[in-house]
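Q: Structure in structure tokens, see below.
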Amino acid sequence: MECCSAGLKANTHLTHVGINGFLGEKKMGSSGRDLGVQFLKKNSRFEKKTRKFKPGSGVAFSVLTSDFNQHALKEPLTLHSSLLEIPKAEPKSVAAIILGGGAGTRLFPLTSKRAKPAVPIGGCYRLIDVPMSNCINSGIRKIFILTQFNSFSLNRHLARTYNFGDGVNFADGFVEVLAATQTPGEAGKRWFQGTADAVRQFIWVFEDAKHKNIEHVVILSGDHLYRMDYMDFVQKHIDTNADATVSCVPMDDSRASDYGLMKIDSTGRIVHFAEKPKGPNLEAMQVDTTLLGLSDQEAMKCPYIASMGVYVFRTDVLLQLLKSKFPSCNDFGSEIIPSAVREYNIQAYLFNDYWEDIGTIKSFFDANLALTEQPPKFEFYDPKTPFFTSARFLPPTKVEQCRIVDSIISHGCFLRECSIQHSIVGVRSRLEMGVELQDTMMMGADYYQTESEIASRLAEERCPLVLA
């Protein structure tokens with residue numbers, strides 16, 4: 001007796017397909033080619049899945065034999081969605097880890113006294129507000145932040161903004177800062193050696209019984225600018241039965257060597273990954289990006305697929321990779337992912353929207369001024385997915401006889417008879433008569449200076465916090 005097994009999804013019509021009389025749904029791939037009917041071969045992985053199958057879990061498995069009476073079906077049989085449902089990602093089963101970043105030498109002097117995620121952006125926000133707000137808007141309420149370098153400013157901002165009492169109310173969720181620390185033993189004397197090592201040093205948190213319901217872990221960077229629904233990301237991860245999924249964007253030649261690059265097959269699985277390749281190794285990573293849905297012209301402009309440094313792992317796979325498979329690997333991008341693609345199902349997720357890595361002074365400056373463009377490529381304000389930040393309780397900005405064009409003015413500013421064009425003015429800024437700002441990023445101030453303090457600094461030939 002010949003038989004095969006198939007997984008059928010909701011609203012599937014059973015029709016005659018092929019010469020062997022198999023009844024099933026004819027599926028089309030994203031590129032338009034016929035994928036046919038996918039047969040599940042008998043192997044250890046399939047046997048493991050069937051042993052775990054429970055009635056009512058949302059997937060039906062059927063066995064059709066060669067003596068099945070095809071003519072018995074006078075009309076097509078439809079399996080309705082009430083019987084078969086695609087597994088849906090649940091925010092309660094997802095935790096997020098936000099990486100606080102390293103020393104941030106490429107952003108110096110902005111990082112001389114603060115971590116990269118604590119650097120101001122857009123006038124009144126901090127970079128950490130981007131992944132934090134994306135998590136909140138995605139429904140993810142279990143959030144960990146790993147910190148190490150210059151973390152005081154970052155910790156203070158997190159405590160003031162994201163807490164259970166005075167700030168945003170997360171109901172049954174939490175925001176926990178996991179600071180680098182030394183523990184007993186030789187290995188415990190080391191600080192974080194990389195992104196993967198940082199997570200590994202706190203892996204006991206995810207092995208704790210109170211976090212046993214966390215099925216997926218999203219790993220995020222604290223120095224990117226973008227708006228993303230992480231649950232769409234997790235849903236794709238679940239739909240493809242991936243062990244891990246890497247979010248990616250098309251990339252041009254000018255910046256490709258700054259990112260991890262990948263090659264994928266027709267199913268979206270990553271088959272090769274190289275971290276920041278140079279020279280011939282960079283050219284070898286060129287691919288036909290029309291596979292991602294780009295037009296021929298766009299594909300010629302962006303022949304690379306770059307990693308965003310945003311990942312989602314199945315929790316059991318993450319623990320396995322860090323503890324047993326690659327216990328000496330310290331970085332996700334340069335070590336864990338390139339090694340894991342050989343044995344694991346690592347999928348690529350195309351993020352088709354604005355994304356910028358704020359890793360250098362140039363990218364920081366360009367990304368800020370891009371916010372003033374009309375129309376802007378990115379906006380912090382969106383009524384459905386707002387970005388949160390610390391409530392400073394500053395007065396509204398006061399403007400007297402000023403000329404302001406394509407600019408952003410933050411809270412608590414005093415502007416008098418000045419000209420501002422294509423610029424950002426940070427909180428508590430004071431611009432007096434005759435000041436002209438153009439193509440400028442003005443960071444703002446932490447406090448107001450009194451008239452006597454201003455006069456004292458001028459007498460000492462030091463610059464006051466007032467532009468005049």
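In the structure tokens, chains take letters A, B, ... by order of appearance, with residues numbered from 1 within each chain and ligands from 1 in the order shown.
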If you run DSSP over the backbone, which residues in segment 263-388 of chain A end up helix (DSSP H, G or I)? Put them as a PyMOL selection string.
A: chain A and resi 279-283+289-292+296-301+315-325+332-340+361-370
Q: Go through segment 101-181 of chain A residue by residue and, counting only C-alpha atoms, keep those with an atom at most 10 Å from segment 435-445 of chain A; for each kept residue give the shortest atom pair and its distance in Å to one decimal, ordered by chain and increasing number, as CSV.
A:
residue,atom,partner,partner_atom,distance
A:Leu110,CA,A:Met443,CA,10.0
A:Val119,CA,A:Met443,CA,9.7
A:Pro120,CA,A:Met443,CA,7.3
A:Ile121,CA,A:Met443,CA,8.3
A:Gly122,CA,A:Met441,CA,9.1
A:Gly123,CA,A:Met443,CA,7.0
A:Cys124,CA,A:Gly444,CA,8.8
Q: Those residues with N, CA and C atoms, as a PDB file, in the first residue's frame please?
A:
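result-v4.pdb written:
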ATOM      1  N   LEU A 110      29.967  61.571  21.455  1.00  0.00           N
ATOM      2  CA  LEU A 110      28.609  61.450  21.995  1.00  0.00           C
ATOM      3  C   LEU A 110      28.515  60.354  23.046  1.00  0.00           C
ATOM      4  N   VAL A 119      22.041  57.896  23.664  1.00  0.00           N
ATOM      5  CA  VAL A 119      22.314  59.084  22.851  1.00  0.00           C
ATOM      6  C   VAL A 119      20.991  59.686  22.366  1.00  0.00           C
ATOM      7  N   PRO A 120      20.809  61.006  22.502  1.00  0.00           N
ATOM      8  CA  PRO A 120      19.561  61.652  22.054  1.00  0.00           C
ATOM      9  C   PRO A 120      19.398  61.584  20.538  1.00  0.00           C
ATOM     10  N   ILE A 121      18.150  61.544  20.099  1.00  0.00           N
ATOM     11  CA  ILE A 121      17.841  61.569  18.672  1.00  0.00           C
ATOM     12  C   ILE A 121      16.484  62.228  18.467  1.00  0.00           C
ATOM     13  N   GLY A 122      16.334  62.913  17.379  1.00  0.00           N
ATOM     14  CA  GLY A 122      15.050  63.522  17.040  1.00  0.00           C
ATOM     15  C   GLY A 122      14.633  64.653  17.953  1.00  0.00           C
ATOM     16  N   GLY A 123      15.580  65.221  18.706  1.00  0.00           N
ATOM     17  CA  GLY A 123      15.270  66.359  19.545  1.00  0.00           C
ATOM     18  C   GLY A 123      14.970  66.004  20.985  1.00  0.00           C
ATOM     19  N   CYS A 124      14.091  65.030  21.231  1.00  0.00           N
ATOM     20  CA  CYS A 124      13.690  64.740  22.612  1.00  0.00           C
ATOM     21  C   CYS A 124      13.690  63.264  22.954  1.00  0.00           C
TER      22      CYS A 124
END
Q: I need the residue nearest Cys302 of chain A from this list: A:Pro277, A:Lys323, A:Asp253, A:Phe332. Use only C-alpha atoms for the distance.
A: A:Asp253
Q: Could you name the residues that touch Val217 of chain A at 9 Å or less, counting only C-alpha atoms, but leaving out those on the same chain fewer than 2 positions away, as a list in words?
A: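 In the requested form, the answer reads Ser93, Val94, Ala95, Ala96, Ile97, Ile214, Glu215, Ile219, Tyr311, Val312, Phe313, Arg314, Thr315 and Leu318 of chain A.
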Q: With all heavy atoms retained, could you export that selection as an mmCIF file, in the first residue's frame?
A:
data_model
loop_
_atom_site.group_PDB
_atom_site.id
_atom_site.type_symbol
_atom_site.label_atom_id
_atom_site.label_comp_id
_atom_site.auth_asym_id
_atom_site.auth_seq_id
_atom_site.Cartn_x
_atom_site.Cartn_y
_atom_site.Cartn_z
ATOM 1 N N SER A 93 4.087 34.731 24.964
ATOM 2 C CA SER A 93 5.108 33.679 24.882
ATOM 3 C C SER A 93 6.420 34.193 24.299
ATOM 4 O O SER A 93 7.312 33.407 23.991
ATOM 5 C CB SER A 93 4.591 32.518 24.022
ATOM 6 O OG SER A 93 4.433 32.923 22.663
ATOM 7 N N VAL A 94 6.531 35.526 24.136
ATOM 8 C CA VAL A 94 7.718 36.127 23.527
ATOM 9 C C VAL A 94 8.399 37.061 24.525
ATOM 10 O O VAL A 94 7.731 37.843 25.210
ATOM 11 C CB VAL A 94 7.346 36.925 22.251
ATOM 12 C CG1 VAL A 94 8.585 37.566 21.627
ATOM 13 C CG2 VAL A 94 6.657 36.019 21.233
ATOM 14 N N ALA A 95 9.709 36.970 24.617
ATOM 15 C CA ALA A 95 10.510 37.896 25.421
ATOM 16 C C ALA A 95 11.485 38.616 24.496
ATOM 17 O O ALA A 95 11.890 38.081 23.462
ATOM 18 C CB ALA A 95 11.273 37.158 26.516
ATOM 19 N N ALA A 96 11.840 39.836 24.856
ATOM 20 C CA ALA A 96 12.786 40.629 24.062
ATOM 21 C C ALA A 96 14.034 40.906 24.875
ATOM 22 O O ALA A 96 13.959 41.196 26.075
ATOM 23 C CB ALA A 96 12.143 41.939 23.620
ATOM 24 N N ILE A 97 15.182 40.811 24.206
ATOM 25 C CA ILE A 97 16.461 41.182 24.801
ATOM 26 C C ILE A 97 17.031 42.335 23.981
ATOM 27 O O ILE A 97 17.249 42.196 22.771
ATOM 28 C CB ILE A 97 17.457 40.015 24.812
ATOM 29 C CG1 ILE A 97 16.917 38.849 25.631
ATOM 30 C CG2 ILE A 97 18.811 40.464 25.356
ATOM 31 C CD1 ILE A 97 17.815 37.621 25.593
ATOM 32 N N ILE A 214 8.066 31.190 28.032
ATOM 33 C CA ILE A 214 8.679 31.945 26.931
ATOM 34 C C ILE A 214 9.133 30.964 25.864
ATOM 35 O O ILE A 214 10.060 30.180 26.067
ATOM 36 C CB ILE A 214 9.869 32.789 27.440
ATOM 37 C CG1 ILE A 214 9.383 33.839 28.442
ATOM 38 C CG2 ILE A 214 10.578 33.462 26.278
ATOM 39 C CD1 ILE A 214 10.490 34.680 29.042
ATOM 40 N N GLU A 215 8.479 30.994 24.711
ATOM 41 C CA GLU A 215 8.783 30.062 23.629
ATOM 42 C C GLU A 215 9.721 30.659 22.595
ATOM 43 O O GLU A 215 10.435 29.927 21.889
ATOM 44 C CB GLU A 215 7.488 29.631 22.939
ATOM 45 C CG GLU A 215 6.516 28.913 23.864
ATOM 46 C CD GLU A 215 5.207 28.579 23.173
ATOM 47 O OE1 GLU A 215 5.091 28.891 21.955
ATOM 48 O OE2 GLU A 215 4.308 28.026 23.822
ATOM 49 N N ILE A 219 15.922 39.195 19.812
ATOM 50 C CA ILE A 219 17.148 39.882 20.209
ATOM 51 C C ILE A 219 17.303 41.134 19.359
ATOM 52 O O ILE A 219 17.298 41.069 18.120
ATOM 53 C CB ILE A 219 18.369 38.967 20.076
ATOM 54 C CG1 ILE A 219 18.201 37.768 21.022
ATOM 55 C CG2 ILE A 219 19.662 39.715 20.372
ATOM 56 C CD1 ILE A 219 19.344 36.787 20.979
ATOM 57 N N TYR A 311 17.104 39.487 15.567
ATOM 58 C CA TYR A 311 16.907 38.043 15.463
ATOM 59 C C TYR A 311 15.732 37.588 16.324
ATOM 60 O O TYR A 311 15.388 38.235 17.314
ATOM 61 C CB TYR A 311 18.160 37.281 15.940
ATOM 62 C CG TYR A 311 19.472 37.843 15.477
ATOM 63 C CD1 TYR A 311 20.280 38.599 16.325
ATOM 64 C CD2 TYR A 311 19.934 37.614 14.183
ATOM 65 C CE1 TYR A 311 21.498 39.106 15.911
ATOM 66 C CE2 TYR A 311 21.152 38.120 13.748
ATOM 67 C CZ TYR A 311 21.933 38.869 14.620
ATOM 68 O OH TYR A 311 23.134 39.380 14.197
ATOM 69 N N VAL A 312 15.168 36.435 15.945
ATOM 70 C CA VAL A 312 14.230 35.740 16.831
ATOM 71 C C VAL A 312 14.641 34.270 16.850
ATOM 72 O O VAL A 312 14.905 33.668 15.798
ATOM 73 C CB VAL A 312 12.758 35.907 16.391
ATOM 74 C CG1 VAL A 312 12.512 35.445 14.972
ATOM 75 C CG2 VAL A 312 11.835 35.165 17.350
ATOM 76 N N PHE A 313 14.749 33.711 18.039
ATOM 77 C CA PHE A 313 15.140 32.318 18.242
ATOM 78 C C PHE A 313 14.040 31.578 18.976
ATOM 79 O O PHE A 313 13.348 32.163 19.825
ATOM 80 C CB PHE A 313 16.406 32.220 19.108
ATOM 81 C CG PHE A 313 17.668 32.687 18.440
ATOM 82 C CD1 PHE A 313 18.026 34.024 18.467
ATOM 83 C CD2 PHE A 313 18.512 31.785 17.807
ATOM 84 C CE1 PHE A 313 19.196 34.464 17.875
ATOM 85 C CE2 PHE A 313 19.690 32.211 17.218
ATOM 86 C CZ PHE A 313 20.035 33.550 17.241
ATOM 87 N N ARG A 314 13.876 30.314 18.655
ATOM 88 C CA ARG A 314 13.141 29.454 19.567
ATOM 89 C C ARG A 314 13.961 29.344 20.830
ATOM 90 O O ARG A 314 15.191 29.193 20.773
ATOM 91 C CB ARG A 314 12.926 28.076 18.946
ATOM 92 C CG ARG A 314 11.790 28.025 17.959
ATOM 93 C CD ARG A 314 11.653 26.696 17.268
ATOM 94 N NE ARG A 314 12.111 25.559 18.050
ATOM 95 C CZ ARG A 314 12.588 24.441 17.501
ATOM 96 N NH1 ARG A 314 12.697 24.349 16.190
ATOM 97 N NH2 ARG A 314 12.965 23.441 18.262
ATOM 98 N N THR A 315 13.329 29.434 21.981
ATOM 99 C CA THR A 315 14.066 29.485 23.238
ATOM 100 C C THR A 315 14.952 28.258 23.424
ATOM 101 O O THR A 315 16.118 28.384 23.820
ATOM 102 C CB THR A 315 13.082 29.598 24.422
ATOM 103 O OG1 THR A 315 12.261 30.750 24.241
ATOM 104 C CG2 THR A 315 13.831 29.733 25.729
ATOM 105 N N LEU A 318 17.993 28.585 21.172
ATOM 106 C CA LEU A 318 18.937 29.587 21.672
ATOM 107 C C LEU A 318 19.784 29.013 22.804
ATOM 108 O O LEU A 318 21.019 29.187 22.827
ATOM 109 C CB LEU A 318 18.175 30.822 22.152
ATOM 110 C CG LEU A 318 19.022 31.957 22.752
ATOM 111 C CD1 LEU A 318 19.979 32.519 21.708
ATOM 112 C CD2 LEU A 318 18.128 33.056 23.316
#
Q: Would you list the contacts of Ala179 of chain A as a list of chain:residue names, taking every protein, DNA or RNA residue within 10 Å and counting only C-alpha atoms, but skipping same-chain residues closer than 3 positions in sequence?
A: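 Counting only the stated atoms, we get A:Gly100, A:Ile145, A:Leu146, A:Thr147, A:Gln148, A:Phe149, A:Ser151, A:Asn155, A:Glu176, A:Gln182, A:Phe192, A:Ala198, A:Phe202.
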Q: Run DSSP on the backbone of this structure and report the residues of segment 106-340 of chain A it assigns to strand (DSSP E), as a ChimeraX atom specification.
A: /A:120-121,125-126,142-147,174-179,216-221,224-226,244-251,260-264,270-275,304-314
Q: Could you list, as a list in words, every residue within 10 Å of Ile238 of chain A, counting only C-alpha atoms and ignoring same-chain residues fewer than 4 positions away?
A: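 Here the answer would be Ile86, Pro87, Lys88, Ala89, His216, Asp232, Phe233, Val234, Ala242, Asp243, Ala244, Thr245 and Arg314 of chain A.
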Q: Hey, can you spit out that residue selection with N, CA, C and O atoms as a CSV table (one decimal), in the first residue's frame?
A:
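Result file follows (result_28.csv):
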chain,number,residue,atom,x,y,z
A,86,ILE,N,-4.0,28.2,11.4
A,86,ILE,CA,-2.5,28.4,11.4
A,86,ILE,C,-2.1,28.9,12.8
A,86,ILE,O,-2.8,29.8,13.3
A,87,PRO,N,-1.1,28.3,13.4
A,87,PRO,CA,-0.7,28.7,14.7
A,87,PRO,C,-0.3,30.2,14.7
A,87,PRO,O,0.4,30.7,13.8
A,88,LYS,N,-0.9,30.9,15.7
A,88,LYS,CA,-0.7,32.3,15.8
A,88,LYS,C,0.3,32.7,16.9
A,88,LYS,O,0.2,32.1,18.0
A,89,ALA,N,1.2,33.6,16.6
A,89,ALA,CA,2.2,34.1,17.6
A,89,ALA,C,1.5,34.8,18.7
A,89,ALA,O,0.6,35.7,18.5
A,216,HIS,N,9.7,32.0,22.5
A,216,HIS,CA,10.6,32.7,21.5
A,216,HIS,C,11.2,33.9,22.1
A,216,HIS,O,10.6,34.6,22.9
A,232,ASP,N,4.8,40.4,13.7
A,232,ASP,CA,4.8,39.9,12.3
A,232,ASP,C,6.1,39.2,12.0
A,232,ASP,O,6.1,38.1,11.3
A,233,PHE,N,7.1,39.6,12.6
A,233,PHE,CA,8.4,39.0,12.5
A,233,PHE,C,8.4,37.6,13.1
A,233,PHE,O,8.8,36.6,12.5
A,234,VAL,N,7.8,37.5,14.3
A,234,VAL,CA,7.7,36.2,15.0
A,234,VAL,C,6.8,35.3,14.3
A,234,VAL,O,7.0,34.1,14.2
A,242,ALA,N,11.0,27.8,11.6
A,242,ALA,CA,12.4,28.1,11.7
A,242,ALA,C,13.0,27.9,13.1
A,242,ALA,O,12.2,28.1,14.1
A,243,ASP,N,14.2,27.6,13.2
A,243,ASP,CA,14.9,27.5,14.5
A,243,ASP,C,15.3,29.0,14.9
A,243,ASP,O,15.3,29.3,16.1
A,244,ALA,N,15.7,29.8,13.9
A,244,ALA,CA,16.0,31.2,14.1
A,244,ALA,C,15.7,31.9,12.9
A,244,ALA,O,15.7,31.4,11.8
A,245,THR,N,15.4,33.2,13.0
A,245,THR,CA,15.1,34.1,11.8
A,245,THR,C,15.8,35.4,12.0
A,245,THR,O,15.9,35.9,13.1
A,314,ARG,N,13.9,30.3,18.7
A,314,ARG,CA,13.1,29.5,19.6
A,314,ARG,C,14.0,29.3,20.8
A,314,ARG,O,15.2,29.2,20.8
Q: Distance atom CA of His272 of chain A-atom CA of Pro338 of chain A, one decimal place?
A: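 Answer for the atom CA of His272 of chain A to atom CA of Pro338 of chain A separation: 6.8 Å.
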